[in-house]
Every structure is written in structure tokens, then in C-alpha cells.
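Colleague: Please find start.tsv (TSV, C-alpha atoms) on the next line:
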```
chain	number	residue	atom	x	y	z
A	1	LYS	CA	0.11	15.54	-2.10
A	2	TYR	CA	-0.05	12.05	-3.54
A	3	ALA	CA	-0.93	8.41	-2.97
A	4	LEU	CA	1.72	5.86	-3.93
A	5	PHE	CA	1.37	2.49	-5.63
A	6	PHE	CA	4.55	0.48	-5.95
A	7	PHE	CA	4.96	-3.05	-7.17
A	8	PHE	CA	5.59	-5.10	-10.26
A	9	PHE	CA	2.65	-4.12	-12.46
A	10	SER	CA	0.54	-7.04	-13.58
A	11	LYS	CA	-3.16	-7.41	-14.33
A	12	GLY	CA	-3.96	-9.05	-11.00
A	13	LYS	CA	-2.42	-6.20	-9.01
A	14	GLY	CA	-5.31	-3.86	-9.85
A	15	VAL	CA	-3.41	-0.97	-11.43
A	16	GLU	CA	-6.28	-0.62	-13.94
A	17	ASP	CA	-8.67	0.04	-11.06
A	18	LEU	CA	-6.36	2.70	-9.67
A	19	ALA	CA	-6.14	4.44	-13.02
A	20	ASP	CA	-9.93	4.50	-13.18
A	21	ILE	CA	-10.26	5.83	-9.62
A	22	PHE	CA	-7.64	8.57	-10.02
A	23	LYS	CA	-8.21	9.68	-13.62
A	24	ASP	CA	-11.33	11.66	-12.71
A	25	GLY	CA	-12.02	13.87	-9.77
A	26	GLU	CA	-9.86	16.22	-7.80
A	27	GLY	CA	-7.50	16.04	-4.90
A	28	LEU	CA	-4.63	13.66	-4.48
A	29	LYS	CA	-2.44	12.56	-7.34
A	30	LEU	CA	-1.33	8.98	-7.83
A	31	TYR	CA	2.34	8.11	-8.25
A	32	LEU	CA	3.09	4.71	-9.76
A	33	ALA	CA	6.49	3.12	-9.16
A	34	GLY	CA	7.77	-0.19	-10.43
A	35	ASN	CA	8.45	-2.33	-13.47
A	36	THR	CA	6.10	-4.08	-15.82
A	37	GLU	CA	6.27	-6.50	-18.71
A	38	ASP	CA	3.05	-5.03	-20.12
A	39	LYS	CA	3.50	-1.34	-20.98
A	40	SER	CA	-0.26	-1.00	-21.45
A	41	LEU	CA	-0.52	-1.06	-17.64
A	42	VAL	CA	1.47	2.17	-17.35
A	43	TYR	CA	-1.06	4.95	-17.00
A	44	GLU	CA	-0.29	8.65	-17.01
A	45	SER	CA	-2.55	11.67	-16.90
A	46	GLU	CA	-2.86	14.99	-15.13
A	47	ARG	CA	-3.42	13.13	-11.84
A	48	ILE	CA	-1.30	10.02	-12.48
A	49	LYS	CA	2.48	10.08	-12.72
A	50	TYR	CA	4.62	7.05	-13.60
A	51	LEU	CA	7.99	7.13	-11.83
A	52	GLY	CA	9.39	3.89	-13.24
A	53	PHE	CA	11.61	1.63	-11.17
A	54	LEU	CA	12.95	3.27	-8.00
A	55	GLY	CA	15.90	2.04	-5.98
A	56	LYS	CA	15.33	1.14	-2.32
A	57	ASP	CA	16.38	4.49	-0.83
A	58	LEU	CA	14.50	6.59	-3.38
A	59	LEU	CA	11.37	4.45	-2.95
A	60	LYS	CA	11.58	4.82	0.82
A	61	GLY	CA	11.64	8.60	0.38
A	62	TYR	CA	8.50	8.49	-1.77
A	63	ILE	CA	6.79	6.25	0.78
A	64	LYS	CA	7.56	8.63	3.65
A	65	LYS	CA	6.14	11.64	1.76
A	66	ALA	CA	2.98	9.87	0.55
A	67	GLN	CA	-0.38	10.58	2.13
A	68	PHE	CA	-0.96	6.83	1.92
A	69	VAL	CA	0.25	3.77	0.05
A	70	ILE	CA	-2.41	1.98	-1.96
A	71	SER	CA	-2.54	-1.52	-3.42
A	72	PRO	CA	-5.82	-2.72	-4.87
A	73	SER	CA	-4.47	-6.17	-5.57
A	74	LYS	CA	-7.18	-8.61	-6.54
A	75	LEU	CA	-4.90	-11.48	-5.58
A	76	PRO	CA	-5.06	-12.98	-2.07
A	77	GLU	CA	-1.65	-11.64	-1.00
A	78	THR	CA	0.07	-14.14	1.27
A	79	PHE	CA	2.46	-11.75	2.99
A	80	GLY	CA	1.51	-8.13	2.28
A	81	LEU	CA	5.01	-6.67	1.97
A	82	VAL	CA	3.68	-3.43	0.46
A	83	ALA	CA	1.47	-2.88	3.52
A	84	LEU	CA	4.34	-3.68	5.88
A	85	GLU	CA	6.74	-1.32	4.13
A	86	SER	CA	4.13	1.41	4.30
A	87	ILE	CA	3.26	1.16	7.98
A	88	CYS	CA	6.89	0.66	9.02
A	89	GLU	CA	7.46	4.17	7.63
A	90	GLY	CA	4.39	5.45	9.51
A	91	VAL	CA	2.32	5.81	6.35
A	92	PRO	CA	-1.26	4.51	6.27
A	93	PHE	CA	-2.06	1.72	3.85
A	94	VAL	CA	-5.22	1.43	1.73
A	95	GLY	CA	-6.22	-1.81	0.00
A	96	TYR	CA	-8.82	-4.50	-0.28
A	97	ASN	CA	-9.93	-6.53	2.72
A	98	SER	CA	-8.30	-9.74	1.55
A	99	GLY	CA	-5.33	-12.00	2.09
A	100	ALA	CA	-2.61	-10.95	4.51
A	101	TYR	CA	-3.76	-7.33	4.53
A	102	ARG	CA	-6.43	-8.29	7.08
A	103	GLU	CA	-3.71	-9.46	9.44
A	104	ILE	CA	-1.54	-6.35	9.04
A	105	ILE	CA	-3.99	-3.46	8.70
A	106	SER	CA	-6.42	-2.42	11.43
A	107	HIS	CA	-9.19	-0.51	9.65
A	108	GLY	CA	-9.10	3.15	10.69
A	109	VAL	CA	-5.97	2.69	12.83
A	110	ASN	CA	-3.11	2.22	10.37
A	111	GLY	CA	-5.07	2.33	7.13
A	112	TYR	CA	-8.31	1.38	5.44
A	113	LEU	CA	-9.49	-1.88	3.95
A	114	ALA	CA	-12.23	-1.73	1.35
A	115	LYS	CA	-14.67	-4.49	0.42
A	116	ASN	CA	-14.96	-3.47	-3.23
A	117	ARG	CA	-13.88	-0.95	-5.84
A	118	GLU	CA	-16.62	1.57	-5.01
A	119	GLU	CA	-15.67	1.55	-1.33
A	120	LEU	CA	-12.00	1.97	-2.31
A	121	ARG	CA	-12.95	4.97	-4.46
A	122	LYS	CA	-14.77	6.55	-1.50
A	123	VAL	CA	-11.71	6.15	0.72
A	124	VAL	CA	-9.47	7.75	-1.93
A	125	ASP	CA	-11.91	10.60	-2.62
A	126	ASN	CA	-12.40	11.35	1.08
A	127	PHE	CA	-8.95	10.53	2.45
A	128	GLU	CA	-7.92	14.09	3.23
A	129	ARG	CA	-11.12	14.60	5.22
A	130	LEU	CA	-10.86	11.19	6.93
A	131	ASN	CA	-7.13	11.40	7.61
A	132	ASN	CA	-6.72	11.41	11.36
A	133	PHE	CA	-3.77	9.03	11.49
A	134	ASP	CA	-0.93	9.37	13.95
A	135	LYS	CA	2.04	8.52	11.73
A	136	GLY	CA	4.40	8.25	14.71
A	137	LYS	CA	2.11	5.74	16.39
A	138	ILE	CA	1.67	3.74	13.16
A	139	LYS	CA	5.44	3.46	12.76
A	140	LYS	CA	6.12	2.65	16.41
A	141	GLU	CA	3.51	-0.13	16.53
A	142	ALA	CA	4.60	-1.58	13.19
A	143	LEU	CA	8.27	-1.68	14.16
A	144	ALA	CA	7.41	-3.22	17.53
A	145	LYS	CA	5.43	-5.97	15.83
A	146	TYR	CA	7.46	-6.53	12.66
A	147	ALA	CA	11.06	-5.62	13.54
A	148	ALA	CA	13.30	-8.10	11.72
A	149	GLU	CA	14.96	-9.59	14.81
A	150	ASP	CA	11.70	-10.02	16.74
A	151	TYR	CA	9.92	-11.39	13.70
A	152	TYR	CA	12.74	-13.89	13.17
A	153	LYS	CA	12.46	-15.06	16.79
A	154	LYS	CA	8.70	-15.54	16.44
A	155	GLN	CA	9.15	-17.52	13.22
A	156	MET	CA	11.79	-19.74	14.82
A	157	GLN	CA	9.40	-20.51	17.68
A	158	VAL	CA	6.79	-21.62	15.16
A	159	PHE	CA	9.33	-23.80	13.34
A	160	LYS	CA	10.46	-25.40	16.64
A	161	LYS	CA	6.86	-26.29	17.44
A	162	LEU	CA	6.43	-27.83	14.00
A	163	ILE	CA	9.56	-29.92	14.33
```
Show this structure as C-alpha cells.

Modeller:
Amino acid sequence: KYALFFFFFSKGKGVEDLADIFKDGEGLKLYLAGNTEDKSLVYESERIKYLGFLGKDLLKGYIKKAQFVISPSKLPETFGLVALESICEGVPFVGYNSGAYREIISHGVNGYLAKNREELRKVVDNFERLNNFDKGKIKKEALAKYAAEDYYKKQMQVFKKLI
């Protein structure tokens, strides 16, 4: 059982916080996937495994098998692609209550949004006990809302109004 963090590793993405949260304690492991320019951000321990860069299909497989996808980005994400990729596979997402995540994640329905690092730690430490997610429902609702064709149509309507 594992949580998955995937992205381009940079200081603002919060990978240091994840390492701190997962290095101690018991329970879920953390798998890290992605590239980085700063090798000091690659953490490994008994509970943290670095997978490196994963191709699209391999990454999708890791997402599907994860207990949840986590991204403690300290940046105000403008789109939240990590959250979307997670819920479109039916996997709950855990992150901070900031940026686009607030628009994508319904707290307790398709993931959890934490206010701070301590709250994020509590979610991680208690996830197996709190986990009452219906993965089929998460995926169905995400695909209904964010399917590429429907999303494109909605965006085109916005652009037409602007023009």
C-alpha cells in the first residue's frame, strides 16, 4: 500500500514536507515519480521509494494502484492537473486547500484538502482508517465533469462569450 507523488520536483512543490511526513511513523509508503534538476530533493528511506521518471502508461498504472495521490504544493496551482489525473482514475487526492485544488476536490468526497502541514500529516497518518471513498463514483463523476470533449465545449462557450 502506498501514496503517490508525481510531478517535476522543485522546492515549491513541497516534496520536502512529504519526506518529513513519511520518514517517521508506520503505515503507507510514499512513492515518488518524476524528474528533478535538484537531486537533493530525491528522498529515499524505508518508507519512501523514488521511481524516477515514468512514462504515461506506467504512471497511470501506479496511480490506479495508489491508496491516494498526494501533492503538498505550496504554489497556488492554476489548473491542478495532478488532482485531475488522480480522480479521473478513481483515486482520491490529498493536498493543500489552495489554488485550483479547491475547485476540483470536494473534501471527504474525492479527497482531502488540508489547511497546513500538521493537518496534512493527520490525513496521511489516518488515511486507512478514514478511507471510505467509492473509487467507482470518484471516477464516474470526474469523467462526467472533465471529459476532454465536454471540457472543450465548455471552454469554447466561455471564449465565445468573451469575444

Colleague: If you count all atoms listed in the file, which residues fall within 7 Å of segment 97-114 of chain A, apart from same-chain ones fewer than 3 positions away, as a list in words?

Modeller: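 Counting all atoms listed in the file, the residues come to Pro76, Glu77, Thr78, Phe79, Gly80, Ala83, Ile87, Pro92, Phe93, Val94, Glu119, Leu120, Phe133 and Ile138 of chain A.
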
Colleague: Could you work out how far atom CA of Glu89 of chain A lies from atom CA of Gly136 of chain A, giving the answer in Å with one decimal?

Modeller: 8.7 Å

Colleague: Which residue out of A:Ser45, A:Thr36, A:Ser86, A:Ser73 has the minimum interatomic distance to Lys135 of chain A when only C-alpha atoms are used?

Modeller: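 Checking each candidate against Lys135 of chain A, we get A:Ser86 as the closest.
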
Colleague: When you draw a straight line from atom CA of Leu18 of chain A to atom CA of Lys60 of chain A, how long is it in Å?

Modeller: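 Taking atom CA of Leu18 of chain A and atom CA of Lys60 of chain A, their separation equals 20.9 Å.
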
Colleague: Find the residues of segment 67-159 of chain A that sit at most 9 Å from segment 20-32 of chain A; for each, write down the nearest two atoms and how far apart they are in Å, to one decimal. Count all atoms listed in the file. Sort by chain, then by number going up, and give it as a tab-separated table.

Modeller:
```
residue	atom	partner	partner_atom	distance
A:Gln67	CA	A:Leu28	CA	8.4
A:Arg117	CA	A:Ile21	CA	8.6
A:Glu118	CA	A:Ile21	CA	8.9
A:Leu120	CA	A:Ile21	CA	8.4
A:Arg121	CA	A:Ile21	CA	5.9
A:Val124	CA	A:Ile21	CA	8.0
A:Asp125	CA	A:Gly27	CA	7.4
A:Phe127	CA	A:Leu28	CA	8.7
A:Glu128	CA	A:Gly27	CA	8.4
```

Colleague: Figure out the distance between atom CA of Leu75 of chain A and atom CA of Lys13 of chain A, please, to one decimal in Å.

Modeller: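 So the two atoms, atom CA of Lys13 of chain A and atom CA of Leu75 of chain A, lie 6.8 Å apart.
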
Colleague: A:Lys145, A:Arg129, A:Lys1, A:Lys161: which is nearest Leu84 of chain A, counting all atoms listed in the file?

Modeller: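 The answer is A:Lys145, which sits nearest to Leu84 of chain A.
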
Colleague: Skip Ala66 of chain A itself and residues of its chain fewer than 3 positions away, then list as a PyMOL selection string all residues within 6 Å of it, counting all atoms listed in the file.

Modeller: chain A and resi 2-3+63

Colleague: My list of candidates is A:Ala33, A:Lys39, A:Asp57, A:Val91. Which is closest to Asn131 of chain A when distances are computed with only C-alpha atoms?

Modeller: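 Going through A:Ala33, A:Lys39, A:Asp57, A:Val91 one by one, the smallest distance to Asn131 of chain A is for A:Val91.
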